[in-house]
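This is query28.cif. It holds mmCIF, C-alpha atoms.
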```
data_model
loop_
_atom_site.label_atom_id
_atom_site.label_comp_id
_atom_site.auth_asym_id
_atom_site.auth_seq_id
_atom_site.Cartn_x
_atom_site.Cartn_y
_atom_site.Cartn_z
CA MET A 265 -2.95 -20.18 -1.87
CA ALA A 266 -5.63 -17.68 -0.87
CA LEU A 267 -5.34 -14.08 -2.00
CA SER A 268 -4.94 -11.50 0.73
CA ALA A 269 -6.62 -8.13 1.08
CA THR A 270 -5.03 -5.03 -0.43
CA LEU A 271 -4.54 -2.25 2.08
CA HIS A 272 -5.36 1.33 1.08
CA ASN A 273 -4.51 4.30 3.30
CA PHE A 274 -6.72 7.38 3.23
CA THR A 275 -5.96 10.72 4.85
CA VAL A 276 -9.46 12.21 4.92
CA HIS A 277 -10.38 15.85 5.45
CA LEU A 278 -14.11 15.71 6.16
CA ALA A 279 -16.35 18.78 6.09
CA ASP A 280 -20.02 17.81 6.33
CA VAL A 281 -21.65 21.24 6.43
CA ASP A 282 -25.15 19.72 6.45
CA ARG A 283 -24.51 18.00 9.80
CA GLY A 284 -21.82 20.28 11.22
CA VAL A 285 -19.19 17.52 11.22
CA TYR A 286 -15.56 18.50 10.62
CA GLN A 287 -12.90 15.81 11.12
CA GLU A 288 -9.43 14.76 10.06
CA LEU A 289 -9.33 10.97 9.68
CA GLU A 290 -6.58 8.46 9.03
CA LEU A 291 -8.25 5.35 7.62
CA ARG A 292 -6.77 2.02 6.62
CA VAL A 293 -9.21 0.28 4.32
CA ALA A 294 -8.60 -3.37 3.50
CA ARG A 295 -9.98 -4.29 0.08
CA HIS A 296 -10.92 -7.97 0.05
CA PRO A 297 -9.97 -9.82 -3.18
CA SER A 298 -13.67 -10.31 -3.98
CA GLU A 299 -14.50 -6.64 -3.37
CA THR A 300 -14.75 -4.32 -6.36
CA ALA A 301 -13.07 -0.92 -6.29
CA GLU A 302 -16.54 0.63 -6.74
CA PHE A 303 -17.80 -1.12 -3.61
CA MET A 304 -14.72 -0.05 -1.62
CA LEU A 305 -15.10 3.61 -2.66
CA THR A 306 -18.82 3.54 -1.83
CA ARG A 307 -18.00 1.95 1.54
CA LEU A 308 -15.49 4.74 2.25
CA LEU A 309 -18.00 7.43 1.23
CA ALA A 310 -20.72 5.84 3.39
CA TYR A 311 -18.31 5.96 6.34
CA CYS A 312 -17.63 9.66 5.73
CA LEU A 313 -21.28 10.61 5.15
CA GLU A 314 -22.38 8.75 8.28
CA TYR A 315 -19.37 9.71 10.41
CA GLU A 316 -20.08 10.01 14.13
CA GLU A 317 -18.55 8.80 17.38
CA GLY A 318 -18.41 4.99 17.43
CA ILE A 319 -18.42 4.40 13.65
CA THR A 320 -16.32 1.56 12.27
CA PHE A 321 -15.95 -0.72 9.30
CA SER A 322 -17.13 -4.26 10.04
CA ASP A 323 -14.43 -6.66 11.17
CA GLY A 324 -15.18 -9.18 8.43
CA GLY A 325 -15.36 -6.66 5.60
CA VAL A 326 -17.37 -7.83 2.61
CA SER A 327 -17.29 -11.42 3.84
CA ALA A 328 -19.07 -10.59 7.13
CA THR A 329 -22.46 -12.29 7.13
CA ASP A 330 -23.76 -10.98 10.45
CA GLU A 331 -22.61 -7.33 10.20
CA PRO A 332 -23.07 -4.54 7.66
CA ALA A 333 -20.17 -2.90 5.80
CA VAL A 334 -20.22 0.03 8.26
CA LEU A 335 -21.73 0.16 11.73
CA VAL A 336 -22.04 2.52 14.66
CA ARG A 337 -22.01 1.51 18.32
CA ASP A 338 -22.62 3.75 21.31
CA LEU A 339 -20.33 3.86 24.35
CA THR A 340 -22.09 0.84 25.88
CA GLY A 341 -21.43 -1.25 22.74
CA ARG A 342 -25.08 -1.19 21.61
CA LEU A 343 -25.54 -1.13 17.83
CA THR A 344 -27.14 2.19 16.84
CA ALA A 345 -26.67 2.30 13.04
CA TRP A 346 -26.54 -0.47 10.44
CA ILE A 347 -25.11 0.86 7.16
CA GLU A 348 -25.17 -1.43 4.13
CA VAL A 349 -23.29 -0.88 0.88
CA GLY A 350 -24.10 -2.08 -2.63
CA ALA A 351 -27.24 -4.12 -3.17
CA PRO A 352 -28.00 -5.99 0.08
CA ASP A 353 -30.77 -8.56 0.12
CA ALA A 354 -34.02 -7.87 1.94
CA GLU A 355 -33.25 -10.37 4.71
CA ARG A 356 -30.04 -8.49 5.70
CA VAL A 357 -31.84 -5.15 5.69
CA HIS A 358 -34.71 -6.64 7.74
CA ARG A 359 -32.29 -8.10 10.29
CA GLY A 360 -30.35 -4.82 10.51
CA SER A 361 -33.52 -2.83 11.05
CA LYS A 362 -34.46 -5.05 13.97
CA MET A 363 -30.98 -4.79 15.51
CA ALA A 364 -30.25 -1.05 15.12
CA GLU A 365 -32.16 2.18 15.62
CA ARG A 366 -31.21 3.39 12.15
CA VAL A 367 -30.49 1.70 8.82
CA ALA A 368 -29.09 3.27 5.66
CA ILE A 369 -27.99 1.82 2.33
CA TYR A 370 -25.39 3.42 0.06
CA THR A 371 -25.13 2.10 -3.46
CA HIS A 372 -22.88 2.50 -6.45
CA ARG A 373 -25.39 0.49 -8.50
CA ASP A 374 -28.57 1.54 -10.28
CA PRO A 375 -30.85 2.63 -7.42
CA VAL A 376 -33.98 1.65 -9.37
CA LYS A 377 -32.75 -1.96 -9.55
CA VAL A 378 -31.71 -2.00 -5.88
CA LEU A 379 -35.12 -0.66 -4.84
CA ALA A 380 -36.89 -3.18 -7.11
CA GLN A 381 -35.20 -6.12 -5.37
CA LEU A 382 -36.32 -4.78 -1.96
CA THR A 383 -39.86 -3.63 -2.83
CA GLY A 384 -42.61 -5.84 -1.49
CA LYS A 385 -40.25 -7.83 0.73
CA ARG A 386 -40.67 -8.14 4.49
CA ILE A 387 -38.41 -5.43 5.95
CA HIS A 388 -38.84 -4.18 9.51
CA ARG A 389 -39.53 -0.41 9.57
CA ALA A 390 -38.97 -0.15 5.79
CA GLU A 391 -40.52 3.33 5.77
CA ALA A 392 -37.64 4.63 7.93
CA ILE A 393 -34.84 3.21 5.75
CA ARG A 394 -33.12 5.40 3.18
CA LEU A 395 -31.16 4.37 0.10
CA TYR A 396 -28.50 6.83 -1.06
CA SER A 397 -26.94 6.76 -4.51
CA PHE A 398 -24.23 8.59 -6.44
CA ASP A 399 -23.91 9.35 -10.16
CA ARG A 400 -22.26 6.40 -11.91
CA GLY A 401 -19.68 8.61 -13.65
CA PHE A 402 -18.66 10.03 -10.25
CA ILE A 403 -17.92 6.55 -8.88
CA ASP A 404 -16.04 5.50 -12.04
CA ALA A 405 -13.86 8.65 -11.98
CA GLY A 406 -13.23 8.21 -8.26
CA VAL A 407 -12.13 4.60 -8.72
CA ALA A 408 -9.68 5.69 -11.44
CA ALA A 409 -8.04 8.12 -8.97
CA ILE A 410 -7.55 5.63 -6.09
CA GLU A 411 -4.00 4.66 -5.20
CA ARG A 412 -2.52 2.69 -2.30
CA ARG A 413 -1.90 5.96 -0.36
CA ASN A 414 -4.61 8.59 -0.80
CA THR A 415 -5.37 12.11 0.27
CA ILE A 416 -9.05 12.87 0.09
CA THR A 417 -11.18 15.89 0.89
CA VAL A 418 -14.88 15.15 1.33
CA SER A 419 -17.22 18.14 1.52
CA ILE A 420 -20.99 17.84 1.77
CA THR A 421 -23.33 20.78 1.52
CA GLU A 422 -27.05 20.65 0.72
CA ARG A 423 -26.63 16.94 -0.12
CA LEU A 424 -24.04 17.75 -2.80
CA LEU A 425 -20.84 15.80 -2.38
CA TYR A 426 -17.57 17.42 -3.45
CA LEU A 427 -14.57 15.13 -3.56
CA ASP A 428 -10.90 15.84 -4.12
CA LEU A 429 -9.21 12.46 -4.42
CA ASN A 430 -5.45 12.71 -5.01
CA GLY A 431 -5.93 15.93 -6.97
CA THR A 432 -8.93 14.75 -8.99
CA ASP A 433 -11.93 17.01 -8.33
CA LEU A 434 -15.35 15.38 -8.55
CA SER A 435 -18.88 16.19 -7.45
CA THR A 436 -22.26 14.48 -7.35
CA PRO A 437 -25.63 14.91 -5.73
CA VAL A 438 -26.32 12.34 -3.03
CA ALA A 439 -29.73 11.12 -4.16
CA GLU A 440 -32.06 9.90 -1.41
CA HIS A 441 -34.65 7.18 -2.11
CA ARG A 442 -37.23 5.65 0.22
CA LEU A 443 -37.77 1.92 0.51
CA ALA A 444 -41.46 2.28 1.29
#
```

This entry written out as structure tokens:
Amino acid sequence: MALSATLHNFTVHLADVDRGVYQELELRVARHPSETAEFMLTRLLAYCLEYEEGITFSDGGVSATDEPAVLVRDLTGRLTAWIEVGAPDAERVHRGSKMAERVAIYTHRDPVKVLAQLTGKRIHRAEAIRLYSFDRGFIDAGVAAIERRNTITVSITERLLYLDLNGTDLSTPVAEHRLA
């Protein structure tokens, strides 16, 4: 019998001072059995940091082969942002860059290793793609605080991320790296 996804509910209070985005979100995040808690938290943070009208998690979750973890579509349905999580291969990033105006990667892994696997590979508009990373201790502490029902406050100011996850206060710089 196949394992089913675990559903996590997040009440999110988002205050992205850098972009002037202030939202209250109710998110249901399905964690696939093959998805790590670190990946799920990074996926949730990518959603919050990229939040805009038309953003959504991919329908297939981590098992989607033709969509990123998070994507943005405009009102016509056109794909405008392709947002990968983790350590995507160069072919996925290349395909996403050809399909969307903007591509971003958010990783909970060592950014040096993620960049190394992408460097020198054929990636459309690689110079425009950004990789964002968080301190490893921040992700580990965040994962330890996740429950099935969560209240989370996400505040971003000057690329510093402040997180209150079920009463656990955490912070990290959001480091930006260039692919090319």

Check your understanding: Between A:Leu425, A:Ile319, A:Leu443, A:Leu308, which is the closest to A:Thr344 once you count all atoms listed in the file?
Key ->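 Using all atoms listed in the file, the shortest distance to A:Thr344 belongs to A:Ile319.
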
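Applied to the file shown here, the PyMOL selection byres ((chain A and resi 321) around 6) selects Thr320, Ser322, Ala333 and Val334 of chain A.
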
Same residues, C-alpha atoms, output as a PDB file, keeping the file's coordinate frame:
```
ATOM      1  CA  THR A 320     -16.320   1.560  12.270  1.00  0.00           C
ATOM      2  CA  SER A 322     -17.130  -4.260  10.040  1.00  0.00           C
ATOM      3  CA  ALA A 333     -20.170  -2.900   5.800  1.00  0.00           C
ATOM      4  CA  VAL A 334     -20.220   0.030   8.260  1.00  0.00           C
TER       5      VAL A 334
END
```

Check your understanding: Pick the closest to A:Thr417 from A:Gly350, A:Pro297, A:Gly431, A:Gly318: which is it, counting all atoms listed in the file?
Key -> A:Gly431

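Between A:Asp428 and the residues A:Pro332, A:Gly406, A:Gly384, A:Pro352, the shortest atom-to-atom distance, using all atoms listed in the file, involves A:Gly406.
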
Neighbourhood query: residues within 6 Å of (-6.0, 3.9, 1.0), file coordinates, counting only C-alpha atoms; return as a JSON list (two decimals) with C-alpha atoms, in the frame of the given file.
```
[["chain", "number", "residue", "atom", "x", "y", "z"],
["A", 272, "HIS", "CA", -5.36, 1.33, 1.08],
["A", 273, "ASN", "CA", -4.51, 4.30, 3.30],
["A", 274, "PHE", "CA", -6.72, 7.38, 3.23],
["A", 292, "ARG", "CA", -6.77, 2.02, 6.62],
["A", 293, "VAL", "CA", -9.21, 0.28, 4.32],
["A", 412, "ARG", "CA", -2.52, 2.69, -2.30],
["A", 413, "ARG", "CA", -1.90, 5.96, -0.36],
["A", 414, "ASN", "CA", -4.61, 8.59, -0.80]]
```

Point to revise | Selection as number ranges by chain: residues within 10 Å of (-33.0, 7.9, 1.1), counting all atoms listed in the file | key: A: 368-370, 391-397, 438-443

Review point. Nearest to A:Asp330: which of A:Met363, A:Ala294, A:Ala345, A:Ala405 is it, counting all atoms listed in the file?
Key: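 Result for the nearest residue to A:Asp330: A:Met363.
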
Review point. What gap, in Å, lies between atom CA of A:Ala301 and atom CA of A:Val407?
Key: 6.1 Å

Point to revise | Atomic separation - atom CA of A:Arg373 relative to atom CA of A:Asp399, Å | key: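 Answer for the atom CA of A:Asp399 to atom CA of A:Arg373 separation: 9.1 Å.
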
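Closest approach to A:Ile420 among A:Asp374, A:Glu355, A:Glu314, A:Glu302: A:Glu314, based on only C-alpha atoms.
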
Practice item. Could you check which of A:Gln381, A:Thr436, A:Gln287, A:Asn430 is closest to A:Phe398, using all atoms listed in the file? Key: A:Thr436

Review point. Separation of atom CA of A:Ala444 and atom CA of A:Ala364, in Å?
Key: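 Computed distance, atom CA of A:Ala444 to atom CA of A:Ala364, equals 18.1 Å.
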
Practice item. Expand the PyMOL selection byres ((chain A and resi 281) around 9) into the individual residues it matches in the shown file, reporting them as number ranges by chain. Key: A: 279-280, 282-286, 419-422

Check your understanding: Once the PyMOL selection byres ((chain A and resi 269) around 10) has been applied to the shown file, what residues remain in the selection, as an MDAnalysis selection string?
Key -> chainID A and resid 266:268 270:272 293:299 325
